[in-house]
file upload39.cif (mmCIF, C-alpha atoms; chains and numbers go by the auth columns)
data_protein
#
loop_
_atom_site.group_PDB
_atom_site.id
_atom_site.type_symbol
_atom_site.label_atom_id
_atom_site.label_comp_id
_atom_site.label_asym_id
_atom_site.label_seq_id
_atom_site.Cartn_x
_atom_site.Cartn_y
_atom_site.Cartn_z
_atom_site.B_iso_or_equiv
_atom_site.auth_seq_id
_atom_site.auth_asym_id
ATOM 1 C CA VAL A 1 89.001 -80.410 -98.347 0.00 1 A
ATOM 2 C CA LYS A 2 88.448 -80.919 -102.060 0.00 2 A
ATOM 3 C CA LEU A 3 90.033 -77.538 -102.766 0.00 3 A
ATOM 4 C CA TRP A 4 93.047 -78.373 -100.599 0.00 4 A
ATOM 5 C CA LEU A 5 93.571 -81.623 -102.496 0.00 5 A
ATOM 6 C CA LEU A 6 92.984 -79.932 -105.835 0.00 6 A
ATOM 7 C CA GLU A 7 95.682 -77.417 -104.936 0.00 7 A
ATOM 8 C CA ASP A 8 98.109 -80.289 -104.329 0.00 8 A
ATOM 9 C CA ILE A 9 96.904 -82.574 -107.156 0.00 9 A
ATOM 10 C CA PRO A 10 95.673 -80.315 -109.983 0.00 10 A
ATOM 11 C CA ASN A 11 96.446 -82.900 -112.665 0.00 11 A
ATOM 12 C CA PHE A 12 97.986 -86.350 -113.000 0.00 12 A
ATOM 13 C CA ASP A 13 99.944 -87.579 -109.966 0.00 13 A
ATOM 14 C CA VAL A 14 103.038 -89.217 -111.468 0.00 14 A
ATOM 15 C CA GLY A 15 104.401 -90.212 -108.062 0.00 15 A
ATOM 16 C CA GLY A 16 101.133 -91.927 -107.242 0.00 16 A
ATOM 17 C CA TYR A 17 101.347 -93.869 -110.496 0.00 17 A
ATOM 18 C CA VAL A 18 104.877 -94.962 -109.631 0.00 18 A
ATOM 19 C CA VAL A 19 103.980 -96.425 -106.217 0.00 19 A
ATOM 20 C CA GLY A 20 100.729 -98.035 -107.395 0.00 20 A
ATOM 21 C CA ASP A 21 97.677 -99.099 -105.440 0.00 21 A
ATOM 22 C CA ASP A 22 99.008 -101.889 -103.229 0.00 22 A
ATOM 23 C CA ILE A 23 97.624 -101.711 -99.677 0.00 23 A
ATOM 24 C CA THR A 24 100.188 -100.237 -97.312 0.00 24 A
ATOM 25 C CA GLU A 25 100.481 -99.020 -93.733 0.00 25 A
ATOM 26 C CA ALA A 26 101.909 -95.686 -92.586 0.00 26 A
ATOM 27 C CA HIS A 27 102.309 -93.920 -89.262 0.00 27 A
ATOM 28 C CA ILE A 28 101.735 -90.360 -88.088 0.00 28 A
ATOM 29 C CA PHE A 29 104.071 -89.224 -85.308 0.00 29 A
ATOM 30 C CA PHE A 30 103.913 -86.326 -82.861 0.00 30 A
ATOM 31 C CA LYS A 31 107.527 -85.130 -82.625 0.00 31 A
ATOM 32 C CA SER A 32 107.377 -82.227 -80.161 0.00 32 A
ATOM 33 C CA ASN A 33 105.391 -81.515 -77.006 0.00 33 A
ATOM 34 C CA GLY A 34 102.028 -79.898 -77.645 0.00 34 A
ATOM 35 C CA VAL A 35 98.253 -80.126 -77.880 0.00 35 A
ATOM 36 C CA PHE A 36 96.801 -82.420 -80.542 0.00 36 A
ATOM 37 C CA SER A 37 94.335 -80.591 -82.808 0.00 37 A
ATOM 38 C CA GLY A 38 92.967 -80.819 -86.346 0.00 38 A
ATOM 39 C CA LYS A 39 91.709 -84.393 -86.154 0.00 39 A
ATOM 40 C CA PRO A 40 88.296 -83.930 -87.877 0.00 40 A
ATOM 41 C CA TYR A 41 89.877 -82.034 -90.769 0.00 41 A
ATOM 42 C CA ALA A 42 92.605 -84.628 -91.250 0.00 42 A
ATOM 43 C CA GLN A 43 89.960 -87.344 -91.001 0.00 43 A
ATOM 44 C CA ALA A 44 87.992 -85.645 -93.777 0.00 44 A
ATOM 45 C CA VAL A 45 91.029 -85.799 -96.074 0.00 45 A
ATOM 46 C CA PHE A 46 91.502 -89.497 -95.401 0.00 46 A
ATOM 47 C CA ASP A 47 87.779 -90.170 -95.891 0.00 47 A
ATOM 48 C CA LEU A 48 87.692 -88.374 -99.227 0.00 48 A
ATOM 49 C CA LEU A 49 90.624 -90.434 -100.498 0.00 49 A
ATOM 50 C CA GLY A 50 89.274 -93.711 -99.120 0.00 50 A
ATOM 51 C CA VAL A 51 92.086 -94.142 -96.616 0.00 51 A
ATOM 52 C CA ASN A 52 91.570 -95.618 -93.143 0.00 52 A
ATOM 53 C CA VAL A 53 93.143 -94.155 -90.015 0.00 53 A
ATOM 54 C CA GLU A 54 93.199 -95.309 -86.400 0.00 54 A
ATOM 55 C CA TRP A 55 93.833 -92.438 -83.998 0.00 55 A
ATOM 56 C CA HIS A 56 95.679 -93.288 -80.801 0.00 56 A
ATOM 57 C CA PHE A 57 94.900 -90.055 -78.922 0.00 57 A
ATOM 58 C CA GLN A 58 91.825 -87.958 -78.306 0.00 58 A
ATOM 59 C CA GLU A 59 91.928 -84.458 -79.710 0.00 59 A
ATOM 60 C CA GLY A 60 92.770 -81.782 -77.161 0.00 60 A
ATOM 61 C CA VAL A 61 95.166 -83.877 -75.092 0.00 61 A
ATOM 62 C CA GLU A 62 98.643 -82.601 -74.314 0.00 62 A
ATOM 63 C CA ILE A 63 101.209 -84.998 -75.713 0.00 63 A
ATOM 64 C CA ASP A 64 104.603 -85.219 -74.029 0.00 64 A
ATOM 65 C CA CYS A 65 107.123 -86.674 -76.449 0.00 65 A
ATOM 66 C CA ASN A 66 109.778 -86.964 -73.746 0.00 66 A
ATOM 67 C CA GLY A 67 112.582 -86.349 -76.230 0.00 67 A
ATOM 68 C CA SER A 68 111.329 -88.944 -78.693 0.00 68 A
ATOM 69 C CA LYS A 69 108.306 -89.258 -80.979 0.00 69 A
ATOM 70 C CA VAL A 70 104.833 -90.520 -80.177 0.00 70 A
ATOM 71 C CA LEU A 71 102.605 -92.560 -82.481 0.00 71 A
ATOM 72 C CA LEU A 72 99.537 -90.420 -83.176 0.00 72 A
ATOM 73 C CA GLY A 73 97.791 -92.459 -85.841 0.00 73 A
ATOM 74 C CA THR A 74 98.073 -95.571 -87.987 0.00 74 A
ATOM 75 C CA VAL A 75 97.047 -95.211 -91.623 0.00 75 A
ATOM 76 C CA THR A 76 96.128 -97.975 -94.071 0.00 76 A
ATOM 77 C CA GLY A 77 95.046 -97.761 -97.689 0.00 77 A
ATOM 78 C CA LYS A 78 96.244 -97.787 -101.261 0.00 78 A
ATOM 79 C CA CYS A 79 99.825 -96.594 -101.329 0.00 79 A
ATOM 80 C CA CYS A 80 99.085 -93.890 -103.921 0.00 80 A
ATOM 81 C CA ASP A 81 96.187 -92.506 -101.844 0.00 81 A
ATOM 82 C CA VAL A 82 98.113 -92.596 -98.569 0.00 82 A
ATOM 83 C CA LEU A 83 100.854 -90.494 -100.168 0.00 83 A
ATOM 84 C CA ARG A 84 98.309 -88.127 -101.736 0.00 84 A
ATOM 85 C CA ALA A 85 96.854 -87.505 -98.277 0.00 85 A
ATOM 86 C CA GLU A 86 100.213 -87.221 -96.534 0.00 86 A
ATOM 87 C CA ARG A 87 101.236 -83.595 -97.048 0.00 87 A
ATOM 88 C CA THR A 88 97.762 -82.098 -96.686 0.00 88 A
ATOM 89 C CA VAL A 89 97.139 -84.044 -93.480 0.00 89 A
ATOM 90 C CA LEU A 90 100.513 -83.128 -91.997 0.00 90 A
ATOM 91 C CA ASN A 91 99.988 -79.467 -92.874 0.00 91 A
ATOM 92 C CA ILE A 92 96.615 -79.515 -91.134 0.00 92 A
ATOM 93 C CA LEU A 93 97.813 -81.299 -88.019 0.00 93 A
ATOM 94 C CA SER A 94 100.988 -79.233 -87.674 0.00 94 A
ATOM 95 C CA ARG A 95 99.207 -75.914 -88.041 0.00 95 A
ATOM 96 C CA ALA A 96 96.219 -76.850 -85.912 0.00 96 A
ATOM 97 C CA SER A 97 98.299 -78.368 -83.127 0.00 97 A
ATOM 98 C CA GLY A 98 100.611 -75.355 -83.094 0.00 98 A
ATOM 99 C CA VAL A 99 97.672 -72.993 -82.611 0.00 99 A
ATOM 100 C CA ALA A 100 96.061 -75.232 -79.992 0.00 100 A
ATOM 101 C CA THR A 101 99.352 -75.406 -78.095 0.00 101 A
ATOM 102 C CA GLN A 102 99.695 -71.612 -78.017 0.00 102 A
ATOM 103 C CA SER A 103 96.047 -71.351 -77.000 0.00 103 A
ATOM 104 C CA ARG A 104 96.497 -73.836 -74.139 0.00 104 A
ATOM 105 C CA LYS A 105 99.491 -71.897 -72.783 0.00 105 A
ATOM 106 C CA ALA A 106 97.482 -68.676 -72.711 0.00 106 A
ATOM 107 C CA SER A 107 94.439 -70.392 -71.222 0.00 107 A
ATOM 108 C CA ASN A 108 96.566 -71.937 -68.477 0.00 108 A
ATOM 109 C CA ILE A 109 98.021 -68.539 -67.575 0.00 109 A
ATOM 110 C CA ALA A 110 94.500 -67.181 -67.068 0.00 110 A
ATOM 111 C CA LYS A 111 93.667 -70.135 -64.817 0.00 111 A
ATOM 112 C CA GLU A 112 96.857 -69.713 -62.796 0.00 112 A
ATOM 113 C CA VAL A 113 96.083 -66.043 -62.191 0.00 113 A
ATOM 114 C CA GLY A 114 92.461 -66.825 -61.338 0.00 114 A
ATOM 115 C CA TRP A 115 91.252 -64.284 -63.864 0.00 115 A
ATOM 116 C CA ASN A 116 87.611 -64.674 -64.932 0.00 116 A
ATOM 117 C CA GLY A 117 87.883 -62.960 -68.319 0.00 117 A
ATOM 118 C CA VAL A 118 88.255 -64.439 -71.789 0.00 118 A
ATOM 119 C CA VAL A 119 91.466 -64.906 -73.761 0.00 119 A
ATOM 120 C CA ALA A 120 90.683 -64.742 -77.475 0.00 120 A
ATOM 121 C CA GLY A 121 92.287 -64.852 -80.871 0.00 121 A
ATOM 122 C CA THR A 122 91.771 -62.320 -83.667 0.00 122 A
ATOM 123 C CA ARG A 123 91.110 -62.236 -87.424 0.00 123 A
ATOM 124 C CA LYS A 124 94.851 -62.460 -88.026 0.00 124 A
ATOM 125 C CA THR A 125 94.592 -65.903 -89.539 0.00 125 A
ATOM 126 C CA THR A 126 95.936 -67.699 -92.603 0.00 126 A
ATOM 127 C CA PRO A 127 93.755 -67.062 -95.693 0.00 127 A
ATOM 128 C CA GLY A 128 91.759 -70.187 -96.488 0.00 128 A
ATOM 129 C CA PHE A 129 92.664 -71.770 -93.161 0.00 129 A
ATOM 130 C CA ARG A 130 90.728 -69.585 -90.719 0.00 130 A
ATOM 131 C CA GLN A 131 88.164 -72.193 -89.749 0.00 131 A
ATOM 132 C CA ILE A 132 90.836 -74.642 -88.626 0.00 132 A
ATOM 133 C CA GLU A 133 92.786 -71.995 -86.738 0.00 133 A
ATOM 134 C CA LYS A 134 89.670 -70.681 -84.965 0.00 134 A
ATOM 135 C CA TYR A 135 88.673 -74.268 -84.175 0.00 135 A
ATOM 136 C CA SER A 136 92.110 -74.929 -82.709 0.00 136 A
ATOM 137 C CA LEU A 137 91.839 -71.874 -80.460 0.00 137 A
ATOM 138 C CA ILE A 138 88.777 -73.526 -78.944 0.00 138 A
ATOM 139 C CA VAL A 139 90.547 -76.890 -78.628 0.00 139 A
ATOM 140 C CA GLY A 140 93.316 -75.154 -76.695 0.00 140 A
ATOM 141 C CA GLY A 141 90.921 -73.385 -74.352 0.00 141 A
ATOM 142 C CA CYS A 142 90.693 -69.847 -75.769 0.00 142 A
ATOM 143 C CA ALA A 143 87.847 -68.075 -77.536 0.00 143 A
ATOM 144 C CA PRO A 144 87.808 -67.675 -81.333 0.00 144 A
ATOM 145 C CA HIS A 145 86.610 -64.027 -81.339 0.00 145 A
ATOM 146 C CA ARG A 146 84.532 -63.027 -84.399 0.00 146 A
ATOM 147 C CA TYR A 147 84.925 -65.304 -87.401 0.00 147 A
ATOM 148 C CA ASP A 148 84.541 -62.683 -90.131 0.00 148 A
ATOM 149 C CA LEU A 149 83.388 -59.172 -91.010 0.00 149 A
ATOM 150 C CA SER A 150 79.752 -60.302 -91.164 0.00 150 A
ATOM 151 C CA GLN A 151 79.712 -61.081 -87.465 0.00 151 A
ATOM 152 C CA MET A 152 80.180 -58.515 -84.690 0.00 152 A
ATOM 153 C CA VAL A 153 80.903 -54.990 -85.971 0.00 153 A
ATOM 154 C CA MET A 154 84.370 -53.732 -85.102 0.00 154 A
ATOM 155 C CA LEU A 155 84.999 -50.070 -85.810 0.00 155 A
ATOM 156 C CA LYS A 156 88.719 -49.513 -86.050 0.00 156 A
ATOM 157 C CA ASP A 157 90.703 -46.299 -86.439 0.00 157 A
ATOM 158 C CA ASN A 158 90.247 -46.236 -90.224 0.00 158 A
ATOM 159 C CA HIS A 159 86.458 -46.435 -89.920 0.00 159 A
ATOM 160 C CA ILE A 160 86.460 -43.608 -87.393 0.00 160 A
ATOM 161 C CA TRP A 161 88.794 -41.394 -89.425 0.00 161 A
ATOM 162 C CA LYS A 162 86.588 -41.838 -92.502 0.00 162 A
ATOM 163 C CA THR A 163 83.311 -41.044 -90.734 0.00 163 A
ATOM 164 C CA GLY A 164 84.780 -38.203 -88.672 0.00 164 A
ATOM 165 C CA SER A 165 84.037 -39.385 -85.143 0.00 165 A
ATOM 166 C CA ILE A 166 83.323 -42.390 -82.980 0.00 166 A
ATOM 167 C CA THR A 167 79.802 -41.135 -82.370 0.00 167 A
ATOM 168 C CA LYS A 168 79.024 -40.938 -86.075 0.00 168 A
ATOM 169 C CA ALA A 169 80.608 -44.309 -86.823 0.00 169 A
ATOM 170 C CA VAL A 170 78.607 -46.047 -84.083 0.00 170 A
ATOM 171 C CA GLN A 171 75.409 -44.355 -85.241 0.00 171 A
ATOM 172 C CA LEU A 172 75.854 -45.566 -88.830 0.00 172 A
ATOM 173 C CA ALA A 173 76.851 -49.038 -87.680 0.00 173 A
ATOM 174 C CA ARG A 174 73.793 -49.322 -85.452 0.00 174 A
ATOM 175 C CA GLU A 175 71.501 -48.300 -88.293 0.00 175 A
ATOM 176 C CA ALA A 176 72.897 -51.108 -90.443 0.00 176 A
ATOM 177 C CA ALA A 177 73.400 -53.767 -87.765 0.00 177 A
ATOM 178 C CA GLY A 178 70.221 -53.193 -85.774 0.00 178 A
ATOM 179 C CA PHE A 179 69.787 -54.519 -82.255 0.00 179 A
ATOM 180 C CA ALA A 180 70.940 -58.078 -82.972 0.00 180 A
ATOM 181 C CA MET A 181 74.646 -57.396 -83.549 0.00 181 A
ATOM 182 C CA LYS A 182 77.227 -56.114 -81.079 0.00 182 A
ATOM 183 C CA ILE A 183 79.365 -53.117 -81.922 0.00 183 A
ATOM 184 C CA GLU A 184 82.966 -52.807 -80.766 0.00 184 A
ATOM 185 C CA VAL A 185 85.096 -49.691 -81.056 0.00 185 A
ATOM 186 C CA GLU A 186 88.881 -49.631 -81.131 0.00 186 A
ATOM 187 C CA CYS A 187 90.092 -46.837 -78.841 0.00 187 A
ATOM 188 C CA GLN A 188 93.488 -45.184 -78.511 0.00 188 A
ATOM 189 C CA ASN A 189 92.836 -43.467 -75.178 0.00 189 A
ATOM 190 C CA GLN A 190 90.389 -43.117 -72.302 0.00 190 A
ATOM 191 C CA ALA A 191 88.485 -40.231 -73.896 0.00 191 A
ATOM 192 C CA GLU A 192 87.719 -42.307 -76.995 0.00 192 A
ATOM 193 C CA ALA A 193 86.528 -45.201 -74.837 0.00 193 A
ATOM 194 C CA LEU A 194 84.161 -42.901 -72.948 0.00 194 A
ATOM 195 C CA GLU A 195 82.834 -41.499 -76.217 0.00 195 A
ATOM 196 C CA ALA A 196 82.247 -45.028 -77.489 0.00 196 A
ATOM 197 C CA GLY A 197 80.337 -45.895 -74.333 0.00 197 A
ATOM 198 C CA GLU A 198 78.253 -42.749 -74.616 0.00 198 A
ATOM 199 C CA SER A 199 77.528 -43.565 -78.281 0.00 199 A
ATOM 200 C CA GLY A 200 76.067 -46.950 -77.410 0.00 200 A
ATOM 201 C CA ALA A 201 78.925 -49.302 -78.234 0.00 201 A
ATOM 202 C CA ASP A 202 78.783 -52.728 -76.604 0.00 202 A
ATOM 203 C CA ILE A 203 82.537 -53.292 -76.372 0.00 203 A
ATOM 204 C CA VAL A 204 85.583 -51.045 -76.353 0.00 204 A
ATOM 205 C CA MET A 205 89.003 -52.306 -77.359 0.00 205 A
ATOM 206 C CA LEU A 206 91.840 -50.526 -75.606 0.00 206 A
ATOM 207 C CA ASP A 207 94.510 -50.892 -78.251 0.00 207 A
ATOM 208 C CA ASN A 208 98.229 -50.953 -77.381 0.00 208 A
ATOM 209 C CA PHE A 209 97.684 -49.624 -73.866 0.00 209 A
ATOM 210 C CA SER A 210 100.469 -49.934 -71.317 0.00 210 A
ATOM 211 C CA SER A 211 99.666 -51.963 -68.228 0.00 211 A
ATOM 212 C CA ASN A 212 100.925 -49.027 -66.159 0.00 212 A
ATOM 213 C CA GLY A 213 97.916 -47.020 -65.024 0.00 213 A
ATOM 214 C CA LEU A 214 95.520 -49.342 -66.841 0.00 214 A
ATOM 215 C CA GLN A 215 93.525 -50.195 -63.717 0.00 215 A
ATOM 216 C CA GLU A 216 92.616 -46.545 -63.180 0.00 216 A
ATOM 217 C CA ILE A 217 91.451 -46.181 -66.792 0.00 217 A
ATOM 218 C CA VAL A 218 89.395 -49.365 -66.581 0.00 218 A
ATOM 219 C CA ASN A 219 87.814 -48.237 -63.316 0.00 219 A
ATOM 220 C CA THR A 220 86.839 -44.903 -64.865 0.00 220 A
ATOM 221 C CA ILE A 221 85.217 -46.546 -67.884 0.00 221 A
ATOM 222 C CA LYS A 222 83.398 -49.189 -65.851 0.00 222 A
ATOM 223 C CA GLY A 223 82.323 -46.593 -63.304 0.00 223 A
ATOM 224 C CA ARG A 224 80.442 -44.705 -66.004 0.00 224 A
ATOM 225 C CA TYR A 225 79.389 -47.646 -68.174 0.00 225 A
ATOM 226 C CA PRO A 226 79.287 -50.786 -65.988 0.00 226 A
ATOM 227 C CA ASN A 227 77.794 -52.981 -68.734 0.00 227 A
ATOM 228 C CA LEU A 228 80.372 -51.988 -71.338 0.00 228 A
ATOM 229 C CA LEU A 229 82.771 -54.835 -72.090 0.00 229 A
ATOM 230 C CA ILE A 230 86.460 -53.945 -72.132 0.00 230 A
ATOM 231 C CA GLU A 231 88.865 -55.741 -74.436 0.00 231 A
ATOM 232 C CA ILE A 232 92.626 -55.272 -74.274 0.00 232 A
ATOM 233 C CA SER A 233 94.764 -55.950 -77.327 0.00 233 A
ATOM 234 C CA GLY A 234 98.143 -55.144 -78.837 0.00 234 A
ATOM 235 C CA GLY A 235 101.615 -56.161 -77.727 0.00 235 A
ATOM 236 C CA ILE A 236 100.398 -58.835 -75.322 0.00 236 A
ATOM 237 C CA ASN A 237 102.261 -62.132 -75.011 0.00 237 A
ATOM 238 C CA ASP A 238 102.785 -64.969 -72.546 0.00 238 A
ATOM 239 C CA SER A 239 105.377 -62.953 -70.654 0.00 239 A
ATOM 240 C CA ASN A 240 103.315 -59.846 -69.935 0.00 240 A
ATOM 241 C CA MET A 241 99.730 -61.109 -70.167 0.00 241 A
ATOM 242 C CA ARG A 242 99.372 -61.421 -66.395 0.00 242 A
ATOM 243 C CA GLU A 243 99.810 -57.650 -66.086 0.00 243 A
ATOM 244 C CA TYR A 244 96.600 -57.124 -68.083 0.00 244 A
ATOM 245 C CA MET A 245 94.494 -59.679 -66.212 0.00 245 A
ATOM 246 C CA ILE A 246 93.035 -57.137 -63.831 0.00 246 A
ATOM 247 C CA PRO A 247 89.525 -56.488 -62.467 0.00 247 A
ATOM 248 C CA GLY A 248 87.275 -54.878 -65.047 0.00 248 A
ATOM 249 C CA VAL A 249 89.056 -56.277 -68.097 0.00 249 A
ATOM 250 C CA ASP A 250 86.721 -58.749 -69.795 0.00 250 A
ATOM 251 C CA ILE A 251 88.689 -59.861 -72.848 0.00 251 A
ATOM 252 C CA ILE A 252 92.337 -60.103 -73.846 0.00 252 A
ATOM 253 C CA SER A 253 92.855 -60.740 -77.560 0.00 253 A
ATOM 254 C CA ARG A 254 96.114 -61.850 -79.122 0.00 254 A
ATOM 255 C CA GLY A 255 96.888 -62.203 -82.819 0.00 255 A
ATOM 256 C CA SER A 256 99.976 -64.232 -81.933 0.00 256 A
ATOM 257 C CA LEU A 257 97.812 -67.172 -80.845 0.00 257 A
ATOM 258 C CA THR A 258 97.120 -68.065 -84.471 0.00 258 A
ATOM 259 C CA HIS A 259 100.745 -67.777 -85.485 0.00 259 A
ATOM 260 C CA GLY A 260 101.014 -71.363 -84.291 0.00 260 A
#
call {"tool": "encode", "arguments": {"input": "upload39.cif", "output": "structure tokens"}}
result
Amino acid sequence: VKLWLLEDIPNFDVGGYVVGDDITEAHIFFKSNGVFSGKPYAQAVFDLLGVNVEWHFQEGVEIDCNGSKVLLGTVTGKCCDVLRAERTVLNILSRASGVATQSRKASNIAKEVGWNGVVAGTRKTTPGFRQIEKYSLIVGGCAPHRYDLSQMVMLKDNHIWKTGSITKAVQLAREAAGFAMKIEVECQNQAEALEAGESGADIVMLDNFSSNGLQEIVNTIKGRYPNLLIEISGGINDSNMREYMIPGVDIISRGSLTHG
């Protein structure tokens, strides 16, 4: 939070000097339908600047603006500090609520279908803002996936090309990661997924697979490696996600969820 404020106020705040330190009241409005997220991060900004805020909604609720705007919070404090908090807080709430709203839509689709798998985000997040975006995925009902490169190992096509094979890449990864960390392998076809399973991978990601014929591929993989988790990713959106929510698929990951 200090870094965010330092980015916005690196030196003297002339505008803050102009308005002074009289106590004032301001209002935060929700102007479009969506899921409210980002509250603890916005609260931290207000706390650091000594500004008080009364929230009128619990985080995670879906707010229906009904064509108008809805009062989300009432802010009181020194005028200069309220205005210093304004842009950073609005950036946080807008971004977080956008991600949570996308996440809720995807989560609701899974519930409507009755699918028992997990809808997750990816590492395609805004630099410096990942924690908030991952947090907002959870608020909306989806899973955050791995938070960084130090968590679960994901061997993508570039790793495999460099090492020469999936088998070799998994072997090297297991030597470094040990038994405590899962290894996932990005696969372009069924043969690669079977090689990954044979090599001891914990998860295979079927990348950019068509939904046509997918059930047969999934059945083949699960038939040979029943404990291998199958993740589907690439080109999946709200419109076609139902086609991938089939038996045997454990995870659907979507980078678009953190586009907000």
call {"tool": "closest_residue", "arguments": {"input": "upload39.cif", "among": "A:Glu25, A:Glu112, A:Asp13, A:Asp81", "to": "A:Asp47", "atoms": "only C-alpha atoms"}}
result
A:Asp81
call {"tool": "residues_around", "arguments": {"input": "upload39.cif", "residues": "stretch 83-90 of chain A", "least_positions_apart": "6", "cutoff": "10 Å", "atoms": "only C-alpha atoms", "output": "list in words"}}
result
Val1, Trp4, Leu5, Glu7, Asp8, Ile9, Asp13, Gly15, Gly16, Val19, Ala26, Ile28, Phe29, Gly38, Lys39, Tyr41, Ala42, Gln43, Ala44, Val45, Phe46, Asp47, Leu48, Leu49, Gly50, Val51, Val75, Gly77 and Ala96 of chain A
call {"tool": "atom_distance", "arguments": {"input": "upload39.cif", "atom1": "atom CA of A:Val185", "atom2": "atom CA of A:Leu155"}}
result
4.8 Å
call {"tool": "residues_around", "arguments": {"input": "upload39.cif", "residues": "A:Lys78", "least_positions_apart": "4", "cutoff": "8 Å", "atoms": "only C-alpha atoms", "output": "list in words"}}
result
Gly20, Asp21, Asp22, Ile23, Thr24, Val51 and Val82 of chain A
call {"tool": "residues_near_point", "arguments": {"input": "upload39.cif", "point": "(95.8, -63.8, -74.5)", "cutoff": "10 Å", "atoms": "only C-alpha atoms", "output": "compact mmCIF listing (two decimals) with C-alpha atoms, in the coordinates of the input"}}
result
# COMPACT_ATOMS: atom_id res chain seq x y z
CA GLN A 102 99.70 -71.61 -78.02
CA SER A 103 96.05 -71.35 -77.00
CA LYS A 105 99.49 -71.90 -72.78
CA ALA A 106 97.48 -68.68 -72.71
CA SER A 107 94.44 -70.39 -71.22
CA ILE A 109 98.02 -68.54 -67.58
CA ALA A 110 94.50 -67.18 -67.07
CA VAL A 118 88.26 -64.44 -71.79
CA VAL A 119 91.47 -64.91 -73.76
CA ALA A 120 90.68 -64.74 -77.47
CA GLY A 121 92.29 -64.85 -80.87
CA CYS A 142 90.69 -69.85 -75.77
CA ALA A 143 87.85 -68.08 -77.54
CA ILE A 232 92.63 -55.27 -74.27
CA SER A 233 94.76 -55.95 -77.33
CA GLY A 234 98.14 -55.14 -78.84
CA ILE A 236 100.40 -58.84 -75.32
CA ASN A 237 102.26 -62.13 -75.01
CA ASP A 238 102.78 -64.97 -72.55
CA ASN A 240 103.32 -59.85 -69.94
CA MET A 241 99.73 -61.11 -70.17
CA ARG A 242 99.37 -61.42 -66.40
CA TYR A 244 96.60 -57.12 -68.08
CA MET A 245 94.49 -59.68 -66.21
CA ILE A 251 88.69 -59.86 -72.85
CA ILE A 252 92.34 -60.10 -73.85
CA SER A 253 92.86 -60.74 -77.56
CA ARG A 254 96.11 -61.85 -79.12
CA GLY A 255 96.89 -62.20 -82.82
CA SER A 256 99.98 -64.23 -81.93
CA LEU A 257 97.81 -67.17 -80.84
call {"tool": "atom_distance", "arguments": {"input": "upload39.cif", "atom1": "atom CA of A:Glu198", "atom2": "atom CA of A:Asp148"}}
result
26.0 Å
